[in-house]
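For reference, the structure is listed below as structure tokens.
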Amino acid sequence: MTNYDELDIIESENTAGAKFEVVQYKALKGSADLAVAEKVFFCNQANVRLKMVRVTLDKSELIIEPGALYFMRGSLQLESGVKGGIAKGLMRKFMTGETLFQSRIKGTGEVFLEPTFGHYMIVNLDDDALIFDKSAFYCASSSMEVSAVMQKNVSSALFGGEGLFQTQVKGTGVVVLNSPVPASELLTYQLETGEKLSVDGNFAFARTSTVQFAAEKSGKTLFQSVTSAEGLLQTFTGPGIVWIAPTQGVYDKIALEHGIAQLSASQGSMGTKT
């Protein structure tokens, strides 16, 4: 018998032979160390919860990043190797920052990955491909292929803020990503063919492979772009899905010494006098 009463399931996706869940502790109960107990108290008060990814396998397989395994229970076997061969593994390593080797867990049972105060996003793909930020990959169904993908145009590579390569996961199954913000704060946009989403900043987190990405001027002319104070925008053109993290930049500012003061002032004015 297993007691999971202290765990809440905050996100879940099913695929053939596997259930992927993000679980979190309702609260941490402290420590014998007073200094640690003080930090735990503030975590609980700030609603910062310890999370884990739990995957239940039924005669199936799971791909995880090496070092991600915390513990597992059942008839399971852990293996490590280069997914897709040495050439693809090296490309993924040097172009996107993902690890060269990937671990595979086979069999029937429960797998728990390393606990963290961070956040996750779970995506269920049906013969589709997902492109996302470097080093965001955490785990996926064994049917998924993880690789590096090159930007399709010069503007996105040089000015898009994402670099020349990003990570792509392709196939049918579930993929779990490390998210920069809570999943509830991610905004999902289903773009129709030709429909555009323009983002002033580097907080677009993921997109399906059918979405075209480019860096474009905010105005029709360079002068308009300069005077608008927006410059180049990350532009996504449908069809497809785009996930953005609008609060990511807010947390980055809060982390700065005078970040709260910056956020308290109006951000929409260039000091224009009339």
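Residues in the structure tokens are numbered from 1 in each chain, the chains being A, B, ... in the order shown, and ligands are numbered from 1 in the order shown.
Excluding Ser209 in chain A itself and same-chain residues fewer than 6 positions from it, the residues having an atom within 8 Å of it are Asp128, Ala129, Leu130, Ile131 and Gly240 of chain A, counting only C-alpha atoms.
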Can you list, as a CSV table (one decimal) with all heavy atoms, in the first residue's frame, all residues belonging to range 10-71 of chain A that DSSP tags as helix (DSSP H, G or I)?
chain,number,residue,atom,x,y,z
A,34,LEU,N,16.8,24.5,12.3
A,34,LEU,CA,16.0,25.7,12.4
A,34,LEU,C,16.2,26.6,11.2
A,34,LEU,O,15.2,27.2,10.8
A,34,LEU,CB,16.4,26.4,13.7
A,34,LEU,CG,15.4,27.6,14.1
A,34,LEU,CD1,14.0,27.0,14.3
A,34,LEU,CD2,15.9,28.2,15.4
A,35,ALA,N,17.4,26.7,10.7
A,35,ALA,CA,17.6,27.6,9.5
A,35,ALA,C,16.8,27.0,8.3
A,35,ALA,O,16.2,27.8,7.6
A,35,ALA,CB,19.1,27.7,9.2
A,36,VAL,N,16.8,25.7,8.1
A,36,VAL,CA,16.1,25.1,7.0
A,36,VAL,C,14.6,25.3,7.2
A,36,VAL,O,13.8,25.6,6.3
A,36,VAL,CB,16.5,23.6,6.9
A,36,VAL,CG1,15.6,23.0,5.8
A,36,VAL,CG2,17.9,23.5,6.5
A,37,ALA,N,14.1,25.1,8.5
A,37,ALA,CA,12.7,25.2,8.8
A,37,ALA,C,12.2,26.6,8.5
A,37,ALA,O,11.1,26.8,8.1
A,37,ALA,CB,12.5,24.8,10.3
A,38,GLU,N,13.1,27.6,8.7
A,38,GLU,CA,12.7,29.0,8.5
A,38,GLU,C,12.4,29.2,7.0
A,38,GLU,O,11.4,29.8,6.6
A,38,GLU,CB,13.7,29.9,9.0
A,38,GLU,CG,13.4,31.4,8.7
A,38,GLU,CD,14.5,32.3,9.2
A,38,GLU,OE1,15.7,31.9,9.2
A,38,GLU,OE2,14.2,33.5,9.5
A,39,LYS,N,13.3,28.6,6.1
A,39,LYS,CA,13.2,28.8,4.7
A,39,LYS,C,11.9,28.0,4.2
A,39,LYS,O,11.2,28.5,3.3
A,39,LYS,CB,14.4,28.3,4.0
A,39,LYS,CG,15.6,29.1,4.3
A,39,LYS,CD,16.9,28.5,3.6
A,39,LYS,CE,18.1,29.4,3.9
A,39,LYS,NZ,19.3,28.8,3.3
A,40,VAL,N,11.7,26.8,4.8
A,40,VAL,CA,10.5,26.0,4.4
A,40,VAL,C,9.2,26.8,4.8
A,40,VAL,O,8.3,26.8,4.0
A,40,VAL,CB,10.5,24.7,5.2
A,40,VAL,CG1,9.2,23.9,5.0
A,40,VAL,CG2,11.7,23.8,4.6
A,41,PHE,N,9.2,27.5,5.9
A,41,PHE,CA,8.1,28.3,6.3
A,41,PHE,C,7.8,29.3,5.3
A,41,PHE,O,6.6,29.5,4.9
A,41,PHE,CB,8.4,28.9,7.7
A,41,PHE,CG,7.3,29.9,8.1
A,41,PHE,CD1,6.1,29.5,8.6
A,41,PHE,CD2,7.5,31.3,8.0
A,41,PHE,CE1,5.1,30.4,9.0
A,41,PHE,CE2,6.6,32.2,8.3
A,41,PHE,CZ,5.4,31.8,8.8
A,42,PHE,N,8.8,30.0,4.8
A,42,PHE,CA,8.5,31.1,3.8
A,42,PHE,C,8.1,30.5,2.5
A,42,PHE,O,7.3,31.1,1.8
A,42,PHE,CB,9.8,31.9,3.7
A,42,PHE,CG,10.0,32.9,4.8
A,42,PHE,CD1,11.0,32.8,5.7
A,42,PHE,CD2,9.1,34.0,4.9
A,42,PHE,CE1,11.2,33.7,6.7
A,42,PHE,CE2,9.3,34.9,6.0
A,42,PHE,CZ,10.3,34.8,6.9
A,43,CYS,N,8.6,29.3,2.1
A,43,CYS,CA,8.1,28.6,0.9
A,43,CYS,C,6.7,28.3,1.0
A,43,CYS,O,5.9,28.6,0.1
A,43,CYS,CB,8.9,27.4,0.7
A,43,CYS,SG,10.6,27.6,0.1
A,44,ASN,N,6.2,27.8,2.1
A,44,ASN,CA,4.8,27.5,2.3
A,44,ASN,C,4.0,28.7,2.3
A,44,ASN,O,2.9,28.7,1.7
A,44,ASN,CB,4.6,26.7,3.6
A,44,ASN,CG,5.2,25.3,3.6
A,44,ASN,OD1,5.2,24.7,2.5
A,44,ASN,ND2,5.6,24.8,4.7
A,45,GLN,N,4.4,29.8,3.0
A,45,GLN,CA,3.7,31.0,3.0
A,45,GLN,C,3.5,31.7,1.6
A,45,GLN,O,2.5,32.3,1.3
A,45,GLN,CB,4.3,32.0,4.0
A,45,GLN,CG,4.2,31.6,5.4
A,45,GLN,CD,2.8,31.6,5.9
A,45,GLN,OE1,2.2,30.5,6.1
A,45,GLN,NE2,2.2,32.7,6.1
Checklist outcome for this item: note - CA of Thr193 in chain A and CA of Gln248 in chain A are separated by 27.6 Å
Next on the checklist: Need to verify the contact set: Glu110 in chain A, 10 Å, only C-alpha atoms, exclusion of same-chain residues closer than 6 positions in sequence. Can you return it as number ranges by chain?
Outcome noted: A: 18-19, 54-58, 71-76
How about saving the chosen residues, C-alpha atoms kept, as a PDB file, in the first residue's frame?
ATOM      1  CA  ALA A  18       1.948   5.514 -19.933  1.00  0.00           C
ATOM      2  CA  LYS A  19       0.431   8.184 -17.711  1.00  0.00           C
ATOM      3  CA  ARG A  54       5.472  10.871 -11.947  1.00  0.00           C
ATOM      4  CA  VAL A  55       5.162   8.483 -14.885  1.00  0.00           C
ATOM      5  CA  THR A  56       3.187   5.249 -14.595  1.00  0.00           C
ATOM      6  CA  LEU A  57       4.318   2.719 -17.204  1.00  0.00           C
ATOM      7  CA  ASP A  58       2.368  -0.333 -18.386  1.00  0.00           C
ATOM      8  CA  PHE A  71      13.305   6.635  -7.686  1.00  0.00           C
ATOM      9  CA  MET A  72      11.158   3.967  -9.315  1.00  0.00           C
ATOM     10  CA  ARG A  73       9.001   1.057  -8.209  1.00  0.00           C
ATOM     11  CA  GLY A  74       7.987  -2.056 -10.117  1.00  0.00           C
ATOM     12  CA  SER A  75       9.360  -4.326 -12.832  1.00  0.00           C
ATOM     13  CA  LEU A  76      11.492  -1.643 -14.474  1.00  0.00           C
TER      14      LEU A  76
END
Checklist entry - Near Pro239 in chain A, within 8 Å and counting only C-alpha atoms, which residues show up once chain neighbours fewer than 4 positions away are dropped, as an NGL selection string? => result :A and (190-195 or 210-211)
Item to check | Neighbour list for Tyr138 in chain A as a VMD selection string, cut-off 8 Å, only C-alpha atoms, skip fewer than 4 positions in-chain | outcome: chain A and resid 64 to 65 68 175 to 178
Next on the checklist: Set the distance at 7 Å and use only C-alpha atoms: which residues neighbour range 23-33 of chain A once local chain neighbours fewer than 4 positions away are removed? I'd like the list as a list in words.
Outcome noted: Glu6, Leu7, Asp8, Ile9, Ile10, Ala37, Val40, Asn44, Arg49, Leu50, Lys51, Met52, Val53 and Arg54 of chain A
Next on the checklist: Set the distance at 8 Å and use only C-alpha atoms: which residues neighbour Ala183 in chain A once local chain neighbours fewer than 3 positions away are removed? I'd like the list as an NGL selection string.
Outcome noted: :A and (119-121 or 179 or 186)
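Distances from A:Ser143, A:Gln212, A:Thr2, A:Thr247 to Gly173 in chain A were compared using only C-alpha atoms, and the smallest one belongs to A:Ser143.
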